[in-house]
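Structure below is structure.pdb: PDB, C-alpha atoms.
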```pdb
MODEL        1
ATOM      1  CA  MET A1011      -4.024  31.005-209.976  1.00  0.00           C
ATOM      2  CA  GLU A1012      -4.129  31.506-206.233  1.00  0.00           C
ATOM      3  CA  ASP A1013      -1.360  30.257-203.997  1.00  0.00           C
ATOM      4  CA  SER A1014      -2.126  27.144-202.023  1.00  0.00           C
ATOM      5  CA  VAL A1015      -2.139  27.396-198.250  1.00  0.00           C
ATOM      6  CA  GLU A1016       1.275  25.721-198.181  1.00  0.00           C
ATOM      7  CA  ASP A1017       2.717  28.325-200.577  1.00  0.00           C
ATOM      8  CA  PHE A1018       1.231  31.350-198.832  1.00  0.00           C
ATOM      9  CA  LYS A1019       3.797  33.749-197.430  1.00  0.00           C
ATOM     10  CA  PRO A1020       2.502  36.233-194.839  1.00  0.00           C
ATOM     11  CA  ILE A1021       2.940  39.919-195.541  1.00  0.00           C
ATOM     12  CA  SER A1022       5.866  41.085-193.430  1.00  0.00           C
ATOM     13  CA  VAL A1023       5.353  44.543-191.920  1.00  0.00           C
ATOM     14  CA  GLY A1024       8.065  46.382-190.024  1.00  0.00           C
ATOM     15  CA  PHE A1025       7.352  49.280-187.695  1.00  0.00           C
ATOM     16  CA  LEU A1026      10.299  51.611-187.206  1.00  0.00           C
ATOM     17  CA  LEU A1027       9.719  53.177-183.794  1.00  0.00           C
ATOM     18  CA  MET A1028      11.108  56.685-183.636  1.00  0.00           C
ATOM     19  CA  GLU A1029      11.935  58.223-180.259  1.00  0.00           C
ATOM     20  CA  ASN A1030       8.738  59.636-178.682  1.00  0.00           C
ATOM     21  CA  PHE A1031       6.491  57.724-181.112  1.00  0.00           C
ATOM     22  CA  THR A1032       2.787  57.811-180.267  1.00  0.00           C
ATOM     23  CA  MET A1033       1.551  54.596-178.720  1.00  0.00           C
ATOM     24  CA  ILE A1034      -2.055  55.020-179.877  1.00  0.00           C
ATOM     25  CA  SER A1035      -0.969  55.279-183.512  1.00  0.00           C
ATOM     26  CA  LEU A1036       1.186  52.166-183.241  1.00  0.00           C
ATOM     27  CA  ALA A1037      -1.613  50.194-181.579  1.00  0.00           C
ATOM     28  CA  ALA A1038      -4.108  51.424-184.190  1.00  0.00           C
ATOM     29  CA  ALA A1039      -1.794  50.118-186.926  1.00  0.00           C
ATOM     30  CA  VAL A1040      -0.979  46.737-185.364  1.00  0.00           C
ATOM     31  CA  GLU A1041      -4.399  45.705-184.054  1.00  0.00           C
ATOM     32  CA  PRO A1042      -6.090  45.399-187.484  1.00  0.00           C
ATOM     33  CA  LEU A1043      -3.273  43.074-188.561  1.00  0.00           C
ATOM     34  CA  ARG A1044      -3.766  40.954-185.453  1.00  0.00           C
ATOM     35  CA  MET A1045      -7.516  40.861-186.058  1.00  0.00           C
ATOM     36  CA  ALA A1046      -6.994  39.857-189.699  1.00  0.00           C
ATOM     37  CA  ASN A1047      -4.940  36.881-188.537  1.00  0.00           C
ATOM     38  CA  LEU A1048      -7.439  35.972-185.828  1.00  0.00           C
ATOM     39  CA  LEU A1049     -10.565  36.231-187.961  1.00  0.00           C
ATOM     40  CA  SER A1050      -9.053  34.463-190.991  1.00  0.00           C
ATOM     41  CA  GLU A1051      -7.517  31.774-188.777  1.00  0.00           C
ATOM     42  CA  LYS A1052      -4.338  32.202-190.839  1.00  0.00           C
ATOM     43  CA  THR A1053      -1.132  34.151-190.458  1.00  0.00           C
ATOM     44  CA  LEU A1054      -1.821  36.761-193.130  1.00  0.00           C
ATOM     45  CA  PHE A1055       0.527  39.293-191.542  1.00  0.00           C
ATOM     46  CA  GLU A1056       3.698  39.179-189.482  1.00  0.00           C
ATOM     47  CA  TRP A1057       4.956  42.349-187.846  1.00  0.00           C
ATOM     48  CA  HIS A1058       8.239  43.358-186.322  1.00  0.00           C
ATOM     49  CA  LEU A1059       9.139  46.307-184.123  1.00  0.00           C
ATOM     50  CA  ILE A1060      12.396  47.964-185.132  1.00  0.00           C
ATOM     51  CA  SER A1061      14.550  50.707-183.668  1.00  0.00           C
ATOM     52  CA  GLU A1062      17.704  52.219-185.057  1.00  0.00           C
ATOM     53  CA  ASN A1063      20.013  50.365-182.674  1.00  0.00           C
ATOM     54  CA  GLY A1064      17.773  47.469-181.575  1.00  0.00           C
ATOM     55  CA  GLU A1065      17.265  48.902-178.094  1.00  0.00           C
ATOM     56  CA  SER A1066      13.885  49.585-176.533  1.00  0.00           C
ATOM     57  CA  GLN A1067      12.205  52.776-177.664  1.00  0.00           C
ATOM     58  CA  LYS A1068      10.344  55.183-175.409  1.00  0.00           C
ATOM     59  CA  ALA A1069       6.902  56.339-176.541  1.00  0.00           C
ATOM     60  CA  SER A1070       5.610  59.877-176.028  1.00  0.00           C
ATOM     61  CA  ASP A1071       3.617  58.617-173.030  1.00  0.00           C
ATOM     62  CA  GLY A1072       6.836  57.471-171.318  1.00  0.00           C
ATOM     63  CA  ILE A1073       6.301  53.746-171.836  1.00  0.00           C
ATOM     64  CA  SER A1074       9.366  51.895-173.110  1.00  0.00           C
ATOM     65  CA  VAL A1075       8.689  49.278-175.760  1.00  0.00           C
ATOM     66  CA  LEU A1076      10.975  46.335-176.509  1.00  0.00           C
ATOM     67  CA  VAL A1077      11.759  45.926-180.177  1.00  0.00           C
ATOM     68  CA  ASP A1078      12.569  42.822-182.179  1.00  0.00           C
ATOM     69  CA  THR A1079      15.605  44.088-184.048  1.00  0.00           C
ATOM     70  CA  SER A1080      17.666  47.008-185.314  1.00  0.00           C
ATOM     71  CA  ILE A1081      17.665  48.596-188.760  1.00  0.00           C
ATOM     72  CA  PHE A1082      20.987  46.842-189.332  1.00  0.00           C
ATOM     73  CA  GLU A1083      19.614  43.344-188.664  1.00  0.00           C
ATOM     74  CA  ALA A1084      16.001  43.617-189.832  1.00  0.00           C
ATOM     75  CA  GLN A1085      14.721  40.768-191.942  1.00  0.00           C
ATOM     76  CA  VAL A1086      13.339  41.209-195.447  1.00  0.00           C
ATOM     77  CA  LEU A1087      10.138  43.269-195.302  1.00  0.00           C
ATOM     78  CA  ASP A1088       7.209  43.803-197.638  1.00  0.00           C
ATOM     79  CA  VAL A1089       6.134  47.003-195.881  1.00  0.00           C
ATOM     80  CA  LEU A1090       7.960  49.374-193.530  1.00  0.00           C
ATOM     81  CA  VAL A1091       5.952  51.917-191.533  1.00  0.00           C
ATOM     82  CA  VAL A1092       7.708  54.728-189.675  1.00  0.00           C
ATOM     83  CA  ALA A1093       5.942  55.327-186.359  1.00  0.00           C
ATOM     84  CA  GLY A1094       6.496  58.997-185.599  1.00  0.00           C
ATOM     85  CA  GLY A1095       5.472  61.187-182.728  1.00  0.00           C
ATOM     86  CA  ILE A1096       6.727  64.216-180.861  1.00  0.00           C
ATOM     87  CA  GLU A1097       9.813  66.043-182.206  1.00  0.00           C
ATOM     88  CA  VAL A1098      10.329  63.357-184.832  1.00  0.00           C
ATOM     89  CA  HIS A1099      12.970  65.469-186.598  1.00  0.00           C
ATOM     90  CA  ARG A1100      15.428  64.731-183.767  1.00  0.00           C
ATOM     91  CA  GLY A1101      15.579  61.058-184.711  1.00  0.00           C
ATOM     92  CA  CYS A1102      16.141  61.460-188.466  1.00  0.00           C
ATOM     93  CA  SER A1103      19.678  60.101-188.447  1.00  0.00           C
ATOM     94  CA  PHE A1104      21.913  59.488-191.444  1.00  0.00           C
ATOM     95  CA  GLU A1105      21.673  55.726-190.817  1.00  0.00           C
ATOM     96  CA  ILE A1106      17.864  55.735-190.809  1.00  0.00           C
ATOM     97  CA  THR A1107      17.768  57.863-193.958  1.00  0.00           C
ATOM     98  CA  LYS A1108      20.138  55.532-195.808  1.00  0.00           C
ATOM     99  CA  TRP A1109      18.248  52.437-194.628  1.00  0.00           C
ATOM    100  CA  LEU A1110      14.909  53.828-195.819  1.00  0.00           C
ATOM    101  CA  GLN A1111      16.424  54.731-199.179  1.00  0.00           C
ATOM    102  CA  GLU A1112      17.799  51.189-199.503  1.00  0.00           C
ATOM    103  CA  LEU A1113      14.397  49.701-198.665  1.00  0.00           C
ATOM    104  CA  ASP A1114      12.889  51.888-201.378  1.00  0.00           C
ATOM    105  CA  ARG A1115      15.456  50.607-203.903  1.00  0.00           C
ATOM    106  CA  GLN A1116      14.476  47.055-202.891  1.00  0.00           C
ATOM    107  CA  GLY A1117      10.808  47.801-203.664  1.00  0.00           C
ATOM    108  CA  VAL A1118       9.569  47.773-200.071  1.00  0.00           C
ATOM    109  CA  GLN A1119       6.329  49.710-199.652  1.00  0.00           C
ATOM    110  CA  LEU A1120       7.037  52.622-197.302  1.00  0.00           C
ATOM    111  CA  GLY A1121       4.662  54.333-194.925  1.00  0.00           C
ATOM    112  CA  GLY A1122       4.398  56.653-192.001  1.00  0.00           C
ATOM    113  CA  ILE A1123       1.940  57.063-189.153  1.00  0.00           C
ATOM    114  CA  CYS A1124       1.415  60.178-187.045  1.00  0.00           C
ATOM    115  CA  THR A1125       4.515  62.223-187.966  1.00  0.00           C
ATOM    116  CA  GLY A1126       6.272  59.337-189.708  1.00  0.00           C
ATOM    117  CA  ALA A1127       5.774  61.049-193.079  1.00  0.00           C
ATOM    118  CA  TYR A1128       8.296  63.666-191.914  1.00  0.00           C
ATOM    119  CA  VAL A1129      11.016  60.994-191.719  1.00  0.00           C
ATOM    120  CA  LEU A1130      10.178  59.757-195.215  1.00  0.00           C
ATOM    121  CA  ALA A1131      10.213  63.338-196.532  1.00  0.00           C
ATOM    122  CA  ALA A1132      13.569  64.025-194.861  1.00  0.00           C
ATOM    123  CA  ALA A1133      14.935  60.976-196.685  1.00  0.00           C
ATOM    124  CA  GLY A1134      13.661  62.370-199.990  1.00  0.00           C
ATOM    125  CA  LEU A1135      11.131  59.557-200.311  1.00  0.00           C
ATOM    126  CA  LEU A1136       7.936  61.637-200.472  1.00  0.00           C
ATOM    127  CA  ASP A1137       8.917  64.052-203.233  1.00  0.00           C
ATOM    128  CA  ASN A1138       5.931  64.355-205.598  1.00  0.00           C
ATOM    129  CA  TYR A1139       3.803  62.092-203.424  1.00  0.00           C
ATOM    130  CA  VAL A1140       0.524  62.939-201.724  1.00  0.00           C
ATOM    131  CA  CYS A1141       0.661  62.160-198.017  1.00  0.00           C
ATOM    132  CA  SER A1142      -1.129  62.471-194.705  1.00  0.00           C
ATOM    133  CA  ILE A1143       0.548  63.571-191.489  1.00  0.00           C
ATOM    134  CA  HIS A1144      -0.516  64.695-188.025  1.00  0.00           C
ATOM    135  CA  TRP A1145      -2.243  68.045-188.489  1.00  0.00           C
ATOM    136  CA  GLU A1146       0.250  69.842-186.218  1.00  0.00           C
ATOM    137  CA  SER A1147       3.095  68.954-188.595  1.00  0.00           C
ATOM    138  CA  LYS A1148       1.436  69.684-191.942  1.00  0.00           C
ATOM    139  CA  THR A1149       2.631  73.312-192.248  1.00  0.00           C
ATOM    140  CA  VAL A1150       6.215  72.463-191.274  1.00  0.00           C
ATOM    141  CA  LEU A1151       6.256  69.598-193.771  1.00  0.00           C
ATOM    142  CA  LYS A1152       5.098  71.923-196.572  1.00  0.00           C
ATOM    143  CA  GLU A1153       7.691  74.562-195.686  1.00  0.00           C
ATOM    144  CA  LEU A1154      10.676  72.232-195.337  1.00  0.00           C
ATOM    145  CA  PHE A1155       9.834  69.853-198.178  1.00  0.00           C
ATOM    146  CA  PRO A1156       8.071  71.808-200.950  1.00  0.00           C
ATOM    147  CA  LEU A1157       7.898  68.803-203.302  1.00  0.00           C
ATOM    148  CA  VAL A1158       5.796  66.837-200.791  1.00  0.00           C
ATOM    149  CA  GLN A1159       2.016  67.185-201.143  1.00  0.00           C
ATOM    150  CA  PRO A1160       0.417  66.889-197.672  1.00  0.00           C
ATOM    151  CA  ASN A1161      -3.367  66.807-197.444  1.00  0.00           C
ATOM    152  CA  ASP A1162      -6.028  66.755-194.748  1.00  0.00           C
ATOM    153  CA  ASN A1163      -7.066  63.116-195.233  1.00  0.00           C
ATOM    154  CA  LEU A1164      -6.954  60.590-192.402  1.00  0.00           C
ATOM    155  CA  PHE A1165      -4.733  58.456-194.620  1.00  0.00           C
ATOM    156  CA  SER A1166      -3.294  58.517-198.112  1.00  0.00           C
ATOM    157  CA  VAL A1167      -2.133  55.786-200.443  1.00  0.00           C
ATOM    158  CA  ASP A1168      -0.087  57.105-203.355  1.00  0.00           C
ATOM    159  CA  ARG A1169       1.644  54.458-205.432  1.00  0.00           C
ATOM    160  CA  SER A1170       4.147  52.748-203.098  1.00  0.00           C
ATOM    161  CA  ARG A1171       3.592  55.138-200.177  1.00  0.00           C
ATOM    162  CA  LEU A1172       1.014  54.902-197.407  1.00  0.00           C
ATOM    163  CA  THR A1173       0.735  57.543-194.730  1.00  0.00           C
ATOM    164  CA  SER A1174      -1.733  58.499-192.053  1.00  0.00           C
ATOM    165  CA  ALA A1175      -2.422  61.206-189.549  1.00  0.00           C
ATOM    166  CA  GLY A1176      -2.087  60.514-185.838  1.00  0.00           C
ATOM    167  CA  GLY A1177      -4.374  59.033-183.218  1.00  0.00           C
ATOM    168  CA  THR A1178      -6.522  56.218-184.552  1.00  0.00           C
ATOM    169  CA  ALA A1179      -6.150  57.158-188.240  1.00  0.00           C
ATOM    170  CA  PRO A1180      -3.668  54.296-188.842  1.00  0.00           C
ATOM    171  CA  LEU A1181      -6.531  51.870-188.137  1.00  0.00           C
ATOM    172  CA  ASP A1182      -8.371  53.119-191.227  1.00  0.00           C
ATOM    173  CA  MET A1183      -5.203  52.940-193.304  1.00  0.00           C
ATOM    174  CA  MET A1184      -4.460  49.362-192.286  1.00  0.00           C
ATOM    175  CA  ILE A1185      -8.041  48.225-192.876  1.00  0.00           C
ATOM    176  CA  ASN A1186      -7.707  49.685-196.366  1.00  0.00           C
ATOM    177  CA  ILE A1187      -4.554  47.584-196.880  1.00  0.00           C
ATOM    178  CA  ILE A1188      -6.316  44.488-195.594  1.00  0.00           C
ATOM    179  CA  ARG A1189      -9.242  45.148-197.965  1.00  0.00           C
ATOM    180  CA  ALA A1190      -6.867  45.547-200.914  1.00  0.00           C
ATOM    181  CA  ASN A1191      -5.011  42.308-200.150  1.00  0.00           C
ATOM    182  CA  PHE A1192      -7.688  40.036-198.680  1.00  0.00           C
ATOM    183  CA  GLY A1193     -11.085  41.466-199.623  1.00  0.00           C
ATOM    184  CA  SER A1194     -13.938  43.514-198.232  1.00  0.00           C
ATOM    185  CA  ASP A1195     -15.481  40.748-196.127  1.00  0.00           C
ATOM    186  CA  LEU A1196     -12.437  40.493-193.880  1.00  0.00           C
ATOM    187  CA  ALA A1197     -12.047  44.285-193.733  1.00  0.00           C
ATOM    188  CA  ARG A1198     -15.701  44.682-192.675  1.00  0.00           C
ATOM    189  CA  ALA A1199     -15.345  41.961-190.046  1.00  0.00           C
ATOM    190  CA  ILE A1200     -12.432  43.810-188.471  1.00  0.00           C
TER     191      ILE A1200
ENDMDL
END
```
Would you write out, as structure tokens, the structure that this file holds?
Amino acid sequence: MEDSVEDFKPISVGFLLMENFTMISLAAAVEPLRMANLLSEKTLFEWHLISENGESQKASDGISVLVDTSIFEAQVLDVLVVAGGIEVHRGCSFEITKWLQELDRQGVQLGGICTGAYVLAAAGLLDNYVCSIHWESKTVLKELFPLVQPNDNLFSVDRSRLTSAGGTAPLDMMINIIRANFGSDLARAI
């Protein structure tokens, strides 16, 4: 039995912005969610920008982005996507690793865009998972994390993990999520 409109709870998606994240990948991930809400005339998705300490995060293009919260105060999420970028390894702190591991224990679906898969791998959350990552980081990922299975796909969905390469690849990944949750008609319309 389908939920009534009154009972419907939007899918809550968090985007953890790593230092030097790529703006195009973030926009490519958020815009399909916005379009799903617009075209359905319902709030199907809510999204929240998160940084480790709740302070604005600078993208690789130099633009600073205000976030909604920190990892310590983030609300309950259905999905958390790590937005990676240049030199993502520098931001893989102990606190972020522990937070991601806790989200995994809570059953939150975890993902990464651009080089975000590196952060998940560093937290031990991609062992024995197939994943996609920016092509420049694929070899390093294989060398540092031999249990991770990177591929050349634009995006990968493997059980509770969703990952995509950089650029506009997150758009395809998010449309796939929209299709899985709300049907092909809405996905095609986007």
Name the residues captured by the PyMOL selection byres ((chain A and resi 1097) around 12) when it is applied to the shown file; answer as number ranges by chain.
A: 1028-1032, 1069-1070, 1094-1096, 1098-1102, 1124-1126, 1128-1129, 1144, 1146-1147, 1150
With the file shown as input, list the residues that the PyMOL selection byres ((chain A and resi 1175) around 6) selects, as a list in words.
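Taken on the displayed file, the PyMOL selection byres ((chain A and resi 1175) around 6) yields the residues Cys1124, Ser1142, Ile1143, His1144, Leu1164, Ser1174, Gly1176 and Ala1179 of chain A.
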Selection in question (the file shown): the PyMOL selection byres ((chain A and resi 1050-1052) around 12). Which residues does it include, as a list in words?
Val1015, Glu1016, Phe1018, Lys1019, Pro1020, Ile1021, Pro1042, Leu1043, Arg1044, Met1045, Ala1046, Asn1047, Leu1048, Leu1049, Thr1053, Leu1054, Phe1055, Glu1056, Ile1188, Phe1192, Gly1193, Asp1195, Leu1196, Ala1197, Ala1199 and Ile1200 of chain A
Restrict the selected residues to C-alpha atoms and save them as a short mmCIF file (atom, residue, chain, number, x, y, z; two decimals), keeping the file's coordinate frame.
```
data_model
loop_
_atom_site.label_atom_id
_atom_site.label_comp_id
_atom_site.auth_asym_id
_atom_site.auth_seq_id
_atom_site.Cartn_x
_atom_site.Cartn_y
_atom_site.Cartn_z
CA VAL A 1015 -2.14 27.40 -198.25
CA GLU A 1016 1.27 25.72 -198.18
CA PHE A 1018 1.23 31.35 -198.83
CA LYS A 1019 3.80 33.75 -197.43
CA PRO A 1020 2.50 36.23 -194.84
CA ILE A 1021 2.94 39.92 -195.54
CA PRO A 1042 -6.09 45.40 -187.48
CA LEU A 1043 -3.27 43.07 -188.56
CA ARG A 1044 -3.77 40.95 -185.45
CA MET A 1045 -7.52 40.86 -186.06
CA ALA A 1046 -6.99 39.86 -189.70
CA ASN A 1047 -4.94 36.88 -188.54
CA LEU A 1048 -7.44 35.97 -185.83
CA LEU A 1049 -10.56 36.23 -187.96
CA THR A 1053 -1.13 34.15 -190.46
CA LEU A 1054 -1.82 36.76 -193.13
CA PHE A 1055 0.53 39.29 -191.54
CA GLU A 1056 3.70 39.18 -189.48
CA ILE A 1188 -6.32 44.49 -195.59
CA PHE A 1192 -7.69 40.04 -198.68
CA GLY A 1193 -11.08 41.47 -199.62
CA ASP A 1195 -15.48 40.75 -196.13
CA LEU A 1196 -12.44 40.49 -193.88
CA ALA A 1197 -12.05 44.28 -193.73
CA ALA A 1199 -15.34 41.96 -190.05
CA ILE A 1200 -12.43 43.81 -188.47
#
```
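Closest approach to A:Ala1037 from the set A:Ala1093, A:Leu1172, A:Leu1087, A:Leu1120 is made by A:Ala1093, with distances taken over all atoms listed in the file.
Of note, atom CA of A:Leu1027 and atom CA of A:Ala1039 are spaced 12.3 Å apart.
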Can you pull out every residue within 7 Å of A:Thr1173, counting only C-alpha atoms, but drop anything in the same chain fewer than 3 positions away, and send it as a ChimeraX atom specification?
/A:1121-1123,1127,1141-1143,1165-1167
What's the separation between atom CA of A:Phe1082 and atom CA of A:Ser1061, in Å to one decimal place?
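Rounded to one decimal, the two atoms are 9.4 Å apart.
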Take stretch 1182-1193 of chain A, model all heavy atoms, and hand the result over as a compact mmCIF listing (two decimals), keeping the file's coordinate frame.
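Saved file rebuild.txt follows:
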```txt
# COMPACT_ATOMS: atom_id res chain seq x y z
N ASP A 1182 -7.70 53.02 -189.93
CA ASP A 1182 -8.37 53.12 -191.23
C ASP A 1182 -7.42 52.77 -192.36
O ASP A 1182 -7.81 52.08 -193.32
CB ASP A 1182 -8.93 54.53 -191.42
CG ASP A 1182 -10.02 54.85 -190.42
OD1 ASP A 1182 -11.01 54.11 -190.35
OD2 ASP A 1182 -9.87 55.85 -189.68
N MET A 1183 -6.18 53.23 -192.27
CA MET A 1183 -5.20 52.94 -193.30
C MET A 1183 -4.94 51.44 -193.40
O MET A 1183 -4.91 50.87 -194.49
CB MET A 1183 -3.90 53.69 -193.02
CG MET A 1183 -2.83 53.48 -194.08
SD MET A 1183 -1.31 54.41 -193.74
CE MET A 1183 -0.55 53.37 -192.47
N MET A 1184 -4.77 50.79 -192.27
CA MET A 1184 -4.46 49.36 -192.29
C MET A 1184 -5.66 48.53 -192.75
O MET A 1184 -5.48 47.53 -193.45
CB MET A 1184 -3.98 48.91 -190.91
CG MET A 1184 -2.70 49.61 -190.45
SD MET A 1184 -1.37 49.63 -191.67
CE MET A 1184 -0.50 48.15 -191.24
N ILE A 1185 -6.85 48.94 -192.38
CA ILE A 1185 -8.04 48.22 -192.88
C ILE A 1185 -8.12 48.35 -194.39
O ILE A 1185 -8.49 47.40 -195.08
CB ILE A 1185 -9.32 48.72 -192.17
CG1 ILE A 1185 -9.32 48.20 -190.72
CG2 ILE A 1185 -10.57 48.26 -192.90
CD1 ILE A 1185 -10.47 48.68 -189.87
N ASN A 1186 -7.74 49.51 -194.92
CA ASN A 1186 -7.71 49.68 -196.37
C ASN A 1186 -6.70 48.72 -197.01
O ASN A 1186 -6.97 48.12 -198.06
CB ASN A 1186 -7.35 51.13 -196.70
CG ASN A 1186 -7.42 51.42 -198.18
OD1 ASN A 1186 -8.48 51.36 -198.78
ND2 ASN A 1186 -6.28 51.72 -198.76
N ILE A 1187 -5.56 48.52 -196.37
CA ILE A 1187 -4.55 47.58 -196.88
C ILE A 1187 -5.08 46.15 -196.82
O ILE A 1187 -4.90 45.37 -197.75
CB ILE A 1187 -3.25 47.72 -196.08
CG1 ILE A 1187 -2.60 49.07 -196.39
CG2 ILE A 1187 -2.28 46.58 -196.37
CD1 ILE A 1187 -1.50 49.45 -195.43
N ILE A 1188 -5.74 45.82 -195.74
CA ILE A 1188 -6.32 44.49 -195.59
C ILE A 1188 -7.36 44.26 -196.68
O ILE A 1188 -7.39 43.19 -197.31
CB ILE A 1188 -6.90 44.30 -194.18
CG1 ILE A 1188 -5.75 44.27 -193.15
CG2 ILE A 1188 -7.76 43.04 -194.09
CD1 ILE A 1188 -6.17 44.48 -191.72
N ARG A 1189 -8.22 45.25 -196.92
CA ARG A 1189 -9.24 45.15 -197.96
C ARG A 1189 -8.58 44.92 -199.34
O ARG A 1189 -9.01 44.05 -200.10
CB ARG A 1189 -10.09 46.42 -198.01
CG ARG A 1189 -11.18 46.39 -199.07
CD ARG A 1189 -11.99 47.69 -199.11
NE ARG A 1189 -12.69 47.89 -197.84
CZ ARG A 1189 -12.38 48.83 -196.94
NH1 ARG A 1189 -11.38 49.67 -197.18
NH2 ARG A 1189 -13.05 48.93 -195.82
N ALA A 1190 -7.54 45.67 -199.61
CA ALA A 1190 -6.87 45.55 -200.91
C ALA A 1190 -6.21 44.18 -201.12
O ALA A 1190 -6.19 43.66 -202.23
CB ALA A 1190 -5.81 46.65 -201.05
N ASN A 1191 -5.72 43.59 -200.05
CA ASN A 1191 -5.01 42.31 -200.15
C ASN A 1191 -5.89 41.08 -199.93
O ASN A 1191 -5.62 40.02 -200.50
CB ASN A 1191 -3.85 42.27 -199.15
CG ASN A 1191 -2.69 43.10 -199.61
OD1 ASN A 1191 -1.90 42.68 -200.46
ND2 ASN A 1191 -2.57 44.31 -199.09
N PHE A 1192 -6.92 41.22 -199.09
CA PHE A 1192 -7.69 40.04 -198.68
C PHE A 1192 -9.20 40.20 -198.79
O PHE A 1192 -9.94 39.32 -198.35
CB PHE A 1192 -7.29 39.63 -197.26
CG PHE A 1192 -5.83 39.30 -197.14
CD1 PHE A 1192 -4.96 40.19 -196.52
CD2 PHE A 1192 -5.31 38.14 -197.68
CE1 PHE A 1192 -3.60 39.90 -196.43
CE2 PHE A 1192 -3.96 37.85 -197.61
CZ PHE A 1192 -3.09 38.73 -196.98
N GLY A 1193 -9.66 41.32 -199.34
CA GLY A 1193 -11.08 41.47 -199.62
C GLY A 1193 -11.89 42.24 -198.59
O GLY A 1193 -11.48 42.45 -197.45
```
